[in-house]
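Peer 1: Below you'll find the structure I mean.
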2 protein chains.
Amino acid sequence: MSIYIEKNRKTKELIQKSFLQILENKRFESITIGDITKIAQINRGTFYLHFIDKFDLLDQIEQQLFTEIGNHIDELQSRYSFTHAFEKEQEHLANTLFSVIELHSPILQIFLSDHGRAGFHIRFRDAFSEKVRINLEKNEGFNAKLKVPLEYFLSFITSAFLGLIEQWFQNGLDKTSQEMTSLYIDIISFIKRDKW
Amino acid sequence: MSIYIEKNRKTKELIQKSFLQILENKRFESITIGDITKIAQINRGTFYLHFIDKFDLLDQIEQQLFTEIGNHIDELQSRYSFTHAFEKEQEHLANTLFSVIELHSPILQIFLSDHGRAGFHIRFRDAFSEKVRINLEKNEGFNAKLKVPLEYFLSFITSAFLGLIEQWFQNGLDKTSQEMTSLYIDIISFIKRDKW
DNA sequence: GTACCAATAAACAACATGTTGAAAATTCAG
DNA sequence: CTGAATTTTCAACATGTTGTTTATTGGTAC
């Protein structure tokens, strides 16, 4: 019995892997089931035993990715004792996020590019927002001080963050996650201090 | 002769219009040429007299949109005499952008959604960045004060801006462009003043 | 009237899709 | 070890989409 489960899992994994491999060089829209099964060296019909269609395939990969990234963030965050100054906590959260992004950069780069699927950046940002919201709301009185609707502030700050990540990718990951954190802090400081 | 040009132009416009109409309810990926020509009530072959394929169709609409938006921004900006304080200029630019966005919101909402095409938000942001860059560099000494690479700062701030726009759309355009400008100013002020 | 042009209609091969029934591989009871 | 049951894989099929082509229609230009 168990060898079937294992085999099934392996085939499914093979399909996902082959698909991601093709996605590096070809837009999602123009990839066919045949392309995938040819690389995976399986029958085209086998594909349909594991996925409804290619949209389902991407959905499942996307869902896995969000789960993995979420878990990573939670793990890295939990290792941090919450007795630091608020600025330090912000810096730590930023560093956590950049680290996790770096870890998953191969897939994220593709998904955020024009080879990926429309709307990914919004779904990704929403997942991001949730983590940031939790962190911000630990700061008591935050909502009182903020005069604009929270959803707008979250969209603003998480999009800005995502913008840095996209630029980081566009520059071919030219910096470490530590350097990206510093860069982020520098930008916030610049906005706070200077006229621009 | 001129009536031929006119007829040709009208048919091309009809195709674009019909396509956008379908795009409101269906993802770009799953729209067929047949869908479009059925709505436009023309022969399927006629489509190919005007466009290479559906990707070409979207490319042309996207290009037109960027040109139109760019022209609108330039026009609104040029009406403003540049003798104001720097903060006022920033506010004016923001207001200009929100106004133009509002004007083109029907198409932009679709293009930024998951019905659109992957990578649109990056191409849109790049076009945006150019306008913001020109405005920022009017402030002499800006580059000297900024310690981080300009491209990162631009990505940061234009993505943040785009984030507000996306949230605005998501809330069903619940505010006027004036209110959005105020909201933007409030967020910048909040970041400057408060710990968060 | 003749040359010209946009749009149409119909047909085509090539390819992609999703389904199905048969075949091969694997497990396990006796 | 063997045969029945179960699971995975596959080849073939019907259907739909794509982009191209050829002949034809209804106008316009000169």
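Each chain in the structure tokens gets a letter, A, B, ..., in the order shown, and its residues are numbered from 1; ligands are numbered from 1 in order too.
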Counting only C-alpha atoms (C1' of nucleotides), which residues in chain C sit no more than 12 Å from chain A? For each one, give the nearest pair of atoms and the distance in Å, sorted by chain then residue number, as JSON lines.

Peer 2:
```
{"residue": "C:DC15", "atom": "C1'", "partner": "A:Thr32", "partner_atom": "CA", "distance": 10.4}
{"residue": "C:DA16", "atom": "C1'", "partner": "A:Thr32", "partner_atom": "CA", "distance": 7.3}
{"residue": "C:DT17", "atom": "C1'", "partner": "A:Ile33", "partner_atom": "CA", "distance": 8.7}
{"residue": "C:DG18", "atom": "C1'", "partner": "A:Tyr48", "partner_atom": "CA", "distance": 8.2}
{"residue": "C:DT19", "atom": "C1'", "partner": "A:Gly45", "partner_atom": "CA", "distance": 9.0}
{"residue": "C:DT20", "atom": "C1'", "partner": "A:Gly45", "partner_atom": "CA", "distance": 10.3}
{"residue": "C:DA25", "atom": "C1'", "partner": "A:Tyr4", "partner_atom": "CA", "distance": 10.6}
{"residue": "C:DT26", "atom": "C1'", "partner": "A:Tyr4", "partner_atom": "CA", "distance": 8.0}
{"residue": "C:DT27", "atom": "C1'", "partner": "A:Met1", "partner_atom": "CA", "distance": 6.7}
{"residue": "C:DC28", "atom": "C1'", "partner": "A:Met1", "partner_atom": "CA", "distance": 9.5}
```

Peer 1: So that I can see what lies close to range 1-11 of chain C, please list as a list in words the residues with an atom at most 10 Å from it, counting only C-alpha atoms (C1' of nucleotides) and leaving out residues fewer than 5 positions away in the same chain.

Peer 2: Met1, Tyr4, Ile5, Lys7, Asn8, Thr11, Ile42, Asn43, Arg44, Gly45, Thr46 and Leu49 of chain B; DT21, DT22, DA23, DT24, DT25, DG26, DG27, DT28, DA29 and DC30 of chain D

Peer 1: Kindly indicate which residue among A:Ile73, A:Gly163, A:Lys145, A:His104 lies nearest to Ser129 in chain B, using only C-alpha atoms for the distances.

Peer 2: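 Of A:Ile73, A:Gly163, A:Lys145, A:His104, the one nearest Ser129 in chain B is A:Gly163, counting only C-alpha atoms.
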
Peer 1: Rounded to one decimal place, report the CA of Ile185 in chain B-CA of Lys192 in chain A distance in Å.

Peer 2: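 Rounded to one decimal, the two atoms are 13.0 Å apart.
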
Peer 1: With 9 Å as the limit and counting only C-alpha atoms, what residues in chain A lie close to chain B? Please list them as number ranges by chain.

Peer 2: A: 27-29, 86-87, 90, 111-122, 136, 139, 142, 145-149, 151-168, 183-184, 186-196

Peer 1: Just the number, please: distance in Å from CA of Asn143 in chain B to CA of Gly70 in chain B, one decimal.

Peer 2: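 Answer for the CA of Asn143 in chain B to CA of Gly70 in chain B separation: 24.3 Å.
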
Peer 1: Could you state the separation of CA of Ile110 in chain B and CA of Asp56 in chain B in Å, given to one decimal place?

Peer 2: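 Distance between the two atoms: 17.4 Å.
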
Peer 1: Given the choices A:Phe19, A:Leu173, A:Glu75, A:Phe128, which gets closest to Lys38 in chain A if the distance is worked out from only C-alpha atoms?

Peer 2: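 Smallest separation from Lys38 in chain A among the options: A:Phe19.
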
Peer 1: Just asking: which residues within range 8-106 of chain A are helix (DSSP H, G or I) according to DSSP, as a PyMOL selection string?

Peer 2: chain A and resi 8-23+28-30+33-40+44-50+54-78+86-103+105-106

Peer 1: Counting only C-alpha atoms (C1' of nucleotides), which of B:Ile31, B:Leu20, B:Ile15, B:Leu76 gets nearest to chain D?

Peer 2: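 Between B:Ile31, B:Leu20, B:Ile15, B:Leu76, the residue approaching chain D most closely is B:Ile31.
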
Peer 1: Of the candidates B:Glu24, B:Phe47, B:Gln77, B:Gln60, which shows the shortest atom-to-atom distance to chain D, using only C-alpha atoms (C1' of nucleotides)?

Peer 2: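 Among the listed residues, B:Phe47 lies closest to chain D.
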
Peer 1: Quick one: which residues from chain D are at most 8 Å off chain A, using only C-alpha atoms (C1' of nucleotides), as a compact mmCIF listing (two decimals) with C-alpha atoms (C1' of nucleotides), in the first residue's frame?

Peer 2:
```
# COMPACT_ATOMS: atom_id res chain seq x y z
C1' DT D 7 -3.39 1.39 -8.46
C1' DT D 9 0.06 4.52 -16.68
C1' DC D 10 -1.02 4.88 -21.35
```
